[in-house]
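Here the structure is laid out as structure tokens; the discussion comes afterwards.
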There are 2 protein chains.
Amino acid sequence: MIKRTLDRVLSEDMSEIWAVLDNDEKRRIIDAFTIHHFKKNQRIYAEGEEPEYLWCLLQGKVKKFKDGVGGRVQILRLIRSVQYFGYRAYFAKERYNSSAAAFEASIVGTLPMTLVEDMINKNNKLAWFFIHELSRNLGGADTRIVNLTQKHIRGRLAEALIVLRDHYGFEDDNLTLRIYMAREDLANLSNMTTSNAIRTLSGFVNEKLITVDGRKISILNEPELRKISKYG
Amino acid sequence: MIKRTLDRVLSEDMSEIWAVLDNDEKRRIIDAFTIHHFKKNQRIYAEGEEPEYLWCLLQGKVKKFKDGVGGRVQILRLIRSVQYFGYRAYFAKERYNSSAAAFEASIVGTLPMTLVEDMINKNNKLAWFFIHELSRNLGGADTRIVNLTQKHIRGRLAEALIVLRDHYGFEDDNLTLRIYMAREDLANLSNMTTSNAIRTLSGFVNEKLITVDGRKISILNEPELRKISKYG
DNA sequence: GTTGAAACCTGTTTTATTGCATAATTACTT
DNA sequence: AAGTAATTATGCAATAAAACAGGTTTCAAC
């Protein structure tokens, strides 16, 4: 089972990195690559810990978040399969600056960062891969600062819904978000209290922008939602 | 004059990058390196433009900012000499996501990003330089998201003052911040209105945490300020 | 089925922050 | 030196969002 997963993982899922490696490098990765399973809401790593591994989400969904003032939590980034995470702190020579946890049951692969570092030294394309990833993430973080601080509550929630849509996509009906998160997570993503996330979500339902059935959210009027996200 | 500046710049100011280059690379940089002067408050580049250059602040102070909702501005990062900026968008293959402007009269050097890209391909240490820079900036941005969204007004302003202290340091008296910015800039840095920046600053003066004389700010009680920044 | 816990919902109260108006001060400009 | 613009300062009304409190639904465990 693990062997079969490895084959698939390394040839398909990790293709973005895989493609730039030679045979010797591939051999070293196969030997060091370890598969981990995480349950729903289980923590993968915590802020303050020493970063040792490159994490690669193979299946499931993961959130990166920071515990802030007075028990409040801010979700910083969402990870989908197949994406890499947990490498920033190692590169910055810092401890983890945020925590990671599984949204739902997830499968994650790890590689020791020492090995990654070594491979970057030998393979310039790998260096470019991380420069590119870091640069895109940094741009996203800067945009997020302005969105979260300047937009009103409706704008922030609309923005969050759009992000979920763009990041995880729709189910086969082309309406329902392919992620099912608690109101609290939605609130922590949009910088508001859970009460206000619920209230504002109801507002959107009344305005026929979305439908809500428990954690199932369907988007009926995406253009209007994008408008609210932009000018709200 | 330019020649003398170039000598000094390339051997001292750019030392961090300079040190990892061989003679041929140094030659190519000297040929392509161009010096630019910016007046106080002059824009260096604007959000939406195509990134072409690596910018290197040689003298002065620069702010990176984003124009947000309803004419509001958010200052994202402060640049001091000698620091590099403007490369993220190029690496991400995006247009500029934020603008840069000089706080005060500043001297900036540029290198074409195509040359930088070329040198990264040939010199792995340069790749590491940018991986390191990007990683640290990304960590800072994540922390900033939580600071700006969760802290109250006093905490945000105290935080801003501490950032200014850590980033630009003190004058020779070991009290006065080595940067003189308008209340409006202080507000845009701390995510508040100018009125509130003024009000809150006065509050700090009354509490004998700081003294203010026009744009001259001296820090009297740094530990208390850090406390407010942390728990405010 | 009953119990208990967690998640969800909603109305009211309270508070932090903005918006606005006005005035005083300072910095520029001619 | 006078006049104008920009910045700093402060009080008060308006308001967005949080805090609180009470209630309902959902769902898993026994």
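The way I read the labels, and the way they are meant: chains A, B, ... in the order of the structure tokens, residue 1 as the first residue of every chain, and ligand 1 as the first ligand shown, with later ones counted on from there.
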Close residues, stretch 172-189 of chain A itself excluded, 7 Å, only C-alpha atoms (C1' of nucleotides), min 3 positions apart in chain, as a PDB file with N, CA and C atoms, in the first residue's frame:
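Output file part.pdb follows:
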```pdb
ATOM      1  N   VAL A  73      -8.016  33.401  16.672  1.00  0.00           N
ATOM      2  CA  VAL A  73      -7.196  32.672  15.708  1.00  0.00           C
ATOM      3  C   VAL A  73      -7.343  33.329  14.342  1.00  0.00           C
ATOM      4  N   GLN A  74      -6.254  33.449  13.616  1.00  0.00           N
ATOM      5  CA  GLN A  74      -6.340  33.948  12.240  1.00  0.00           C
ATOM      6  C   GLN A  74      -5.834  32.888  11.279  1.00  0.00           C
ATOM      7  N   ILE A  75      -6.680  32.466  10.384  1.00  0.00           N
ATOM      8  CA  ILE A  75      -6.242  31.544   9.339  1.00  0.00           C
ATOM      9  C   ILE A  75      -5.492  32.339   8.279  1.00  0.00           C
ATOM     10  N   ALA A 160     -13.734  35.765   1.427  1.00  0.00           N
ATOM     11  CA  ALA A 160     -13.383  34.429   1.897  1.00  0.00           C
ATOM     12  C   ALA A 160     -14.065  33.363   1.047  1.00  0.00           C
ATOM     13  N   ARG A 165     -13.750  29.266  -3.217  1.00  0.00           N
ATOM     14  CA  ARG A 165     -14.161  28.837  -4.551  1.00  0.00           C
ATOM     15  C   ARG A 165     -12.949  28.691  -5.478  1.00  0.00           C
ATOM     16  N   TYR A 168     -10.409  25.707  -3.759  1.00  0.00           N
ATOM     17  CA  TYR A 168     -10.844  24.312  -3.676  1.00  0.00           C
ATOM     18  C   TYR A 168     -11.877  23.937  -4.746  1.00  0.00           C
ATOM     19  N   GLY A 169     -12.439  24.929  -5.410  1.00  0.00           N
ATOM     20  CA  GLY A 169     -13.356  24.659  -6.501  1.00  0.00           C
ATOM     21  C   GLY A 169     -14.714  24.148  -6.064  1.00  0.00           C
ATOM     22  N   MET A 192     -13.425  37.874  11.808  1.00  0.00           N
ATOM     23  CA  MET A 192     -14.644  38.334  12.483  1.00  0.00           C
ATOM     24  C   MET A 192     -15.022  37.301  13.536  1.00  0.00           C
ATOM     25  N   THR A 193     -16.023  37.630  14.359  1.00  0.00           N
ATOM     26  CA  THR A 193     -16.465  36.659  15.354  1.00  0.00           C
ATOM     27  C   THR A 193     -17.360  35.621  14.689  1.00  0.00           C
ATOM     28  N   THR A 194     -17.516  34.478  15.351  1.00  0.00           N
ATOM     29  CA  THR A 194     -18.364  33.422  14.804  1.00  0.00           C
ATOM     30  C   THR A 194     -19.792  33.931  14.624  1.00  0.00           C
ATOM     31  N   ALA A 197     -20.040  35.879  11.510  1.00  0.00           N
ATOM     32  CA  ALA A 197     -19.934  35.041  10.321  1.00  0.00           C
ATOM     33  C   ALA A 197     -21.303  34.425  10.023  1.00  0.00           C
ATOM     34  N   ILE A 198     -21.969  33.943  11.063  1.00  0.00           N
ATOM     35  CA  ILE A 198     -23.292  33.338  10.917  1.00  0.00           C
ATOM     36  C   ILE A 198     -24.297  34.357  10.407  1.00  0.00           C
ATOM     37  N   ARG A 215     -22.994  22.789   6.638  1.00  0.00           N
ATOM     38  CA  ARG A 215     -21.702  23.312   6.193  1.00  0.00           C
ATOM     39  C   ARG A 215     -21.570  23.347   4.676  1.00  0.00           C
ATOM     40  N   LYS A 216     -22.662  22.949   4.029  1.00  0.00           N
ATOM     41  CA  LYS A 216     -22.645  22.934   2.566  1.00  0.00           C
ATOM     42  C   LYS A 216     -23.033  24.312   2.065  1.00  0.00           C
ATOM     43  N   ILE A 217     -22.110  24.948   1.386  1.00  0.00           N
ATOM     44  CA  ILE A 217     -22.386  26.294   0.865  1.00  0.00           C
ATOM     45  C   ILE A 217     -22.362  26.265  -0.656  1.00  0.00           C
ATOM     46  N   SER A 218     -23.458  26.721  -1.269  1.00  0.00           N
ATOM     47  CA  SER A 218     -23.506  26.813  -2.728  1.00  0.00           C
ATOM     48  C   SER A 218     -23.560  28.269  -3.146  1.00  0.00           C
ATOM     49  N   ILE A 219     -22.838  28.579  -4.188  1.00  0.00           N
ATOM     50  CA  ILE A 219     -22.768  29.954  -4.659  1.00  0.00           C
ATOM     51  C   ILE A 219     -23.708  30.155  -5.831  1.00  0.00           C
ATOM     52  N   LEU A 220     -24.714  31.017  -5.657  1.00  0.00           N
ATOM     53  CA  LEU A 220     -25.717  31.240  -6.688  1.00  0.00           C
ATOM     54  C   LEU A 220     -25.344  32.418  -7.580  1.00  0.00           C
TER      55      LEU A 220
END
```
Next item on the list: Tell me the residues of chain B close to chain C, meaning within 10 Å using only C-alpha atoms (C1' of nucleotides), as a ChimeraX atom specification.
Entry: /B:152-153,192-193,195-196,214
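Using only C-alpha atoms (C1' of nucleotides), we find that the part of chain D lying within 9 Å of chain B comprises DT7, DT8, DA9 and DT10 of chain D.
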Residues from the last selection, N, CA and C atoms (P, O5', C5', C4', C3', O3' and C1' of nucleotides), saved as a PDB file, in the first residue's frame:
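Final file, out_2.pdb:
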```
ATOM      1  P    DT D   7       0.687  67.407   4.327  1.00  0.00           P
ATOM      2  O5'  DT D   7       0.735  67.575   5.907  1.00  0.00           O
ATOM      3  C5'  DT D   7       1.800  68.330   6.484  1.00  0.00           C
ATOM      4  C4'  DT D   7       1.452  68.658   7.911  1.00  0.00           C
ATOM      5  C3'  DT D   7       0.993  67.459   8.746  1.00  0.00           C
ATOM      6  O3'  DT D   7       1.953  67.273   9.777  1.00  0.00           O
ATOM      7  C1'  DT D   7      -0.346  69.379   9.131  1.00  0.00           C
ATOM      8  P    DT D   8       1.808  66.075  10.832  1.00  0.00           P
ATOM      9  O5'  DT D   8       1.049  66.805  12.037  1.00  0.00           O
ATOM     10  C5'  DT D   8       1.684  67.882  12.708  1.00  0.00           C
ATOM     11  C4'  DT D   8       0.734  68.468  13.717  1.00  0.00           C
ATOM     12  C3'  DT D   8       0.196  67.477  14.755  1.00  0.00           C
ATOM     13  O3'  DT D   8       0.507  67.975  16.039  1.00  0.00           O
ATOM     14  C1'  DT D   8      -1.551  68.788  13.852  1.00  0.00           C
ATOM     15  P    DA D   9       0.175  67.104  17.342  1.00  0.00           P
ATOM     16  O5'  DA D   9      -1.263  67.611  17.775  1.00  0.00           O
ATOM     17  C5'  DA D   9      -1.439  68.986  18.125  1.00  0.00           C
ATOM     18  C4'  DA D   9      -2.910  69.250  18.381  1.00  0.00           C
ATOM     19  C3'  DA D   9      -3.599  68.243  19.293  1.00  0.00           C
ATOM     20  O3'  DA D   9      -3.928  68.914  20.498  1.00  0.00           O
ATOM     21  C1'  DA D   9      -4.953  68.842  17.433  1.00  0.00           C
ATOM     22  P    DT D  10      -4.415  68.099  21.769  1.00  0.00           P
ATOM     23  O5'  DT D  10      -6.003  68.157  21.647  1.00  0.00           O
ATOM     24  C5'  DT D  10      -6.623  69.424  21.461  1.00  0.00           C
ATOM     25  C4'  DT D  10      -8.120  69.254  21.289  1.00  0.00           C
ATOM     26  C3'  DT D  10      -8.738  68.098  22.074  1.00  0.00           C
ATOM     27  O3'  DT D  10      -9.903  68.568  22.694  1.00  0.00           O
ATOM     28  C1'  DT D  10      -9.431  68.016  19.853  1.00  0.00           C
TER      29       DT D  10
END
```
Closest atom pairs, residues of chain B within 8 Å of chain A, only C-alpha atoms, as a Markdown table:
```
| residue | atom | partner | partner_atom | distance |
| --- | --- | --- | --- | --- |
| B:Lys66 | CA | A:Val146 | CA | 7.4 |
| B:Gly68 | CA | A:Val146 | CA | 6.3 |
| B:Val69 | CA | A:Gln150 | CA | 6.2 |
| B:Arg72 | CA | A:Gln150 | CA | 7.8 |
| B:Gln74 | CA | A:Val146 | CA | 6.6 |
| B:Leu76 | CA | A:Asp142 | CA | 6.9 |
| B:Arg88 | CA | A:Ser135 | CA | 5.2 |
| B:Ala89 | CA | A:Ser135 | CA | 7.0 |
| B:Phe91 | CA | A:His132 | CA | 5.7 |
| B:Ala92 | CA | A:Ser135 | CA | 5.1 |
| B:Asn97 | CA | A:Gly139 | CA | 6.5 |
| B:Asn121 | CA | A:Asn124 | CA | 6.5 |
| B:Asn124 | CA | A:Asn121 | CA | 6.5 |
| B:Ala127 | CA | A:Ala127 | CA | 6.4 |
| B:Trp128 | CA | A:Ala127 | CA | 7.7 |
| B:Phe130 | CA | A:Ile131 | CA | 7.1 |
| B:Ile131 | CA | A:Ile131 | CA | 5.7 |
| B:His132 | CA | A:Ala92 | CA | 5.3 |
| B:Glu133 | CA | A:Ala92 | CA | 7.4 |
| B:Leu134 | CA | A:Leu134 | CA | 6.1 |
| B:Ser135 | CA | A:Ala92 | CA | 5.1 |
| B:Arg136 | CA | A:Ala92 | CA | 5.2 |
| B:Asn137 | CA | A:Leu138 | CA | 7.3 |
| B:Leu138 | CA | A:Leu138 | CA | 5.2 |
| B:Gly139 | CA | A:Asn97 | CA | 6.5 |
| B:Ala141 | CA | A:Ala141 | CA | 6.1 |
| B:Asp142 | CA | A:Ala141 | CA | 6.6 |
| B:Thr143 | CA | A:Asn97 | CA | 7.6 |
| B:Arg144 | CA | A:Ile145 | CA | 7.5 |
| B:Ile145 | CA | A:Ile145 | CA | 5.4 |
| B:Val146 | CA | A:Gly68 | CA | 6.3 |
| B:Asn147 | CA | A:Gly68 | CA | 7.9 |
| B:Leu148 | CA | A:Thr149 | CA | 6.9 |
| B:Thr149 | CA | A:Thr149 | CA | 6.0 |
| B:Gln150 | CA | A:Val69 | CA | 6.2 |
| B:Lys151 | CA | A:Val69 | CA | 6.8 |
| B:Asn191 | CA | A:Thr149 | CA | 7.0 |
| B:Tyr231 | CA | A:Val69 | CA | 7.2 |
```
Check: By how many Å are atom CA of B:Arg28 and atom CA of B:Ser81 apart?
Finding: 22.5 Å
Notebook entry, point to check: So how far away is atom CA of B:Val108 from atom CA of B:Ile35, in Å?
Noted result: 5.8 Å
Notebook entry, point to check: Interatomic distance between atom CA of B:Pro51 and atom CA of B:Ile29?
Noted result: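 Result for atom CA of B:Pro51 versus atom CA of B:Ile29: 18.4 Å, one decimal.
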Check: Please, which residues of stretch 70-185 of chain A, numbered as in this document, come out alpha helix (DSSP H) from DSSP, as a PyMOL selection string?
Finding: chain A and resi 88-92+113-122+124-150+153-168+183-185
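Here the strand (DSSP E or B) residues in stretch 73-172 of chain A, by DSSP on the backbone, are Val73, Gln74, Ile75, Leu76, Arg77, Leu78, Ile79, Arg80, Gln83, Tyr84, Phe85, Ser99, Ala100, Ala101, Ala102, Ser106, Ile107, Val108, Gly109, Thr110, Leu111, Pro112 and Phe170 of chain A.
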Next, write the just-selected residues to a file, as a CSV table (one decimal), in the first residue's frame, keeping N, CA and C atoms as the atom set.
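Listing of result23.csv after writing:
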```
chain,number,residue,atom,x,y,z
A,73,VAL,N,-8.0,33.4,16.7
A,73,VAL,CA,-7.2,32.7,15.7
A,73,VAL,C,-7.3,33.3,14.3
A,74,GLN,N,-6.3,33.4,13.6
A,74,GLN,CA,-6.3,33.9,12.2
A,74,GLN,C,-5.8,32.9,11.3
A,75,ILE,N,-6.7,32.5,10.4
A,75,ILE,CA,-6.2,31.5,9.3
A,75,ILE,C,-5.5,32.3,8.3
A,76,LEU,N,-4.3,31.9,8.0
A,76,LEU,CA,-3.4,32.7,7.1
A,76,LEU,C,-3.5,32.2,5.6
A,77,ARG,N,-3.5,30.9,5.5
A,77,ARG,CA,-3.4,30.3,4.2
A,77,ARG,C,-4.1,28.9,4.1
A,78,LEU,N,-4.6,28.6,3.0
A,78,LEU,CA,-5.2,27.3,2.9
A,78,LEU,C,-4.3,26.4,1.9
A,79,ILE,N,-4.2,25.1,2.3
A,79,ILE,CA,-3.3,24.3,1.5
A,79,ILE,C,-4.2,23.2,0.8
A,80,ARG,N,-4.0,22.9,-0.4
A,80,ARG,CA,-4.8,21.9,-1.1
A,80,ARG,C,-3.7,20.9,-1.6
A,83,GLN,N,0.2,20.5,-2.6
A,83,GLN,CA,1.0,21.7,-2.3
A,83,GLN,C,2.0,21.4,-1.2
A,84,TYR,N,3.0,22.2,-1.2
A,84,TYR,CA,4.1,22.1,-0.2
A,84,TYR,C,4.0,23.2,0.8
A,85,PHE,N,4.3,22.9,2.1
A,85,PHE,CA,4.3,23.9,3.1
A,85,PHE,C,5.3,23.5,4.2
A,99,SER,N,1.0,27.8,12.9
A,99,SER,CA,0.7,26.4,13.1
A,99,SER,C,0.0,25.8,11.8
A,100,ALA,N,0.0,24.5,11.7
A,100,ALA,CA,-0.7,23.9,10.6
A,100,ALA,C,-1.6,22.8,11.2
A,101,ALA,N,-2.8,22.7,10.7
A,101,ALA,CA,-3.7,21.6,11.1
A,101,ALA,C,-4.6,21.1,9.9
A,102,ALA,N,-5.0,19.9,10.0
A,102,ALA,CA,-5.8,19.3,9.0
A,102,ALA,C,-7.3,19.7,9.1
A,106,SER,N,-6.4,13.8,6.4
A,106,SER,CA,-5.4,14.2,5.3
A,106,SER,C,-4.2,13.2,5.3
A,107,ILE,N,-3.6,13.1,4.2
A,107,ILE,CA,-2.4,12.3,4.0
A,107,ILE,C,-1.2,13.3,3.6
A,108,VAL,N,-0.2,13.3,4.4
A,108,VAL,CA,0.9,14.2,4.1
A,108,VAL,C,2.2,13.4,4.0
A,109,GLY,N,3.1,13.8,3.1
A,109,GLY,CA,4.4,13.3,3.0
A,109,GLY,C,5.5,14.2,3.5
A,110,THR,N,6.5,13.7,4.0
A,110,THR,CA,7.6,14.6,4.5
A,110,THR,C,9.0,14.3,3.9
A,111,LEU,N,9.8,15.3,3.8
A,111,LEU,CA,11.2,15.1,3.4
A,111,LEU,C,12.0,16.0,4.3
A,112,PRO,N,13.1,15.5,4.8
A,112,PRO,CA,14.0,16.3,5.7
A,112,PRO,C,14.4,17.5,5.0
A,170,PHE,N,-15.5,23.8,-7.1
A,170,PHE,CA,-16.9,23.3,-6.9
A,170,PHE,C,-17.0,21.8,-6.9
```
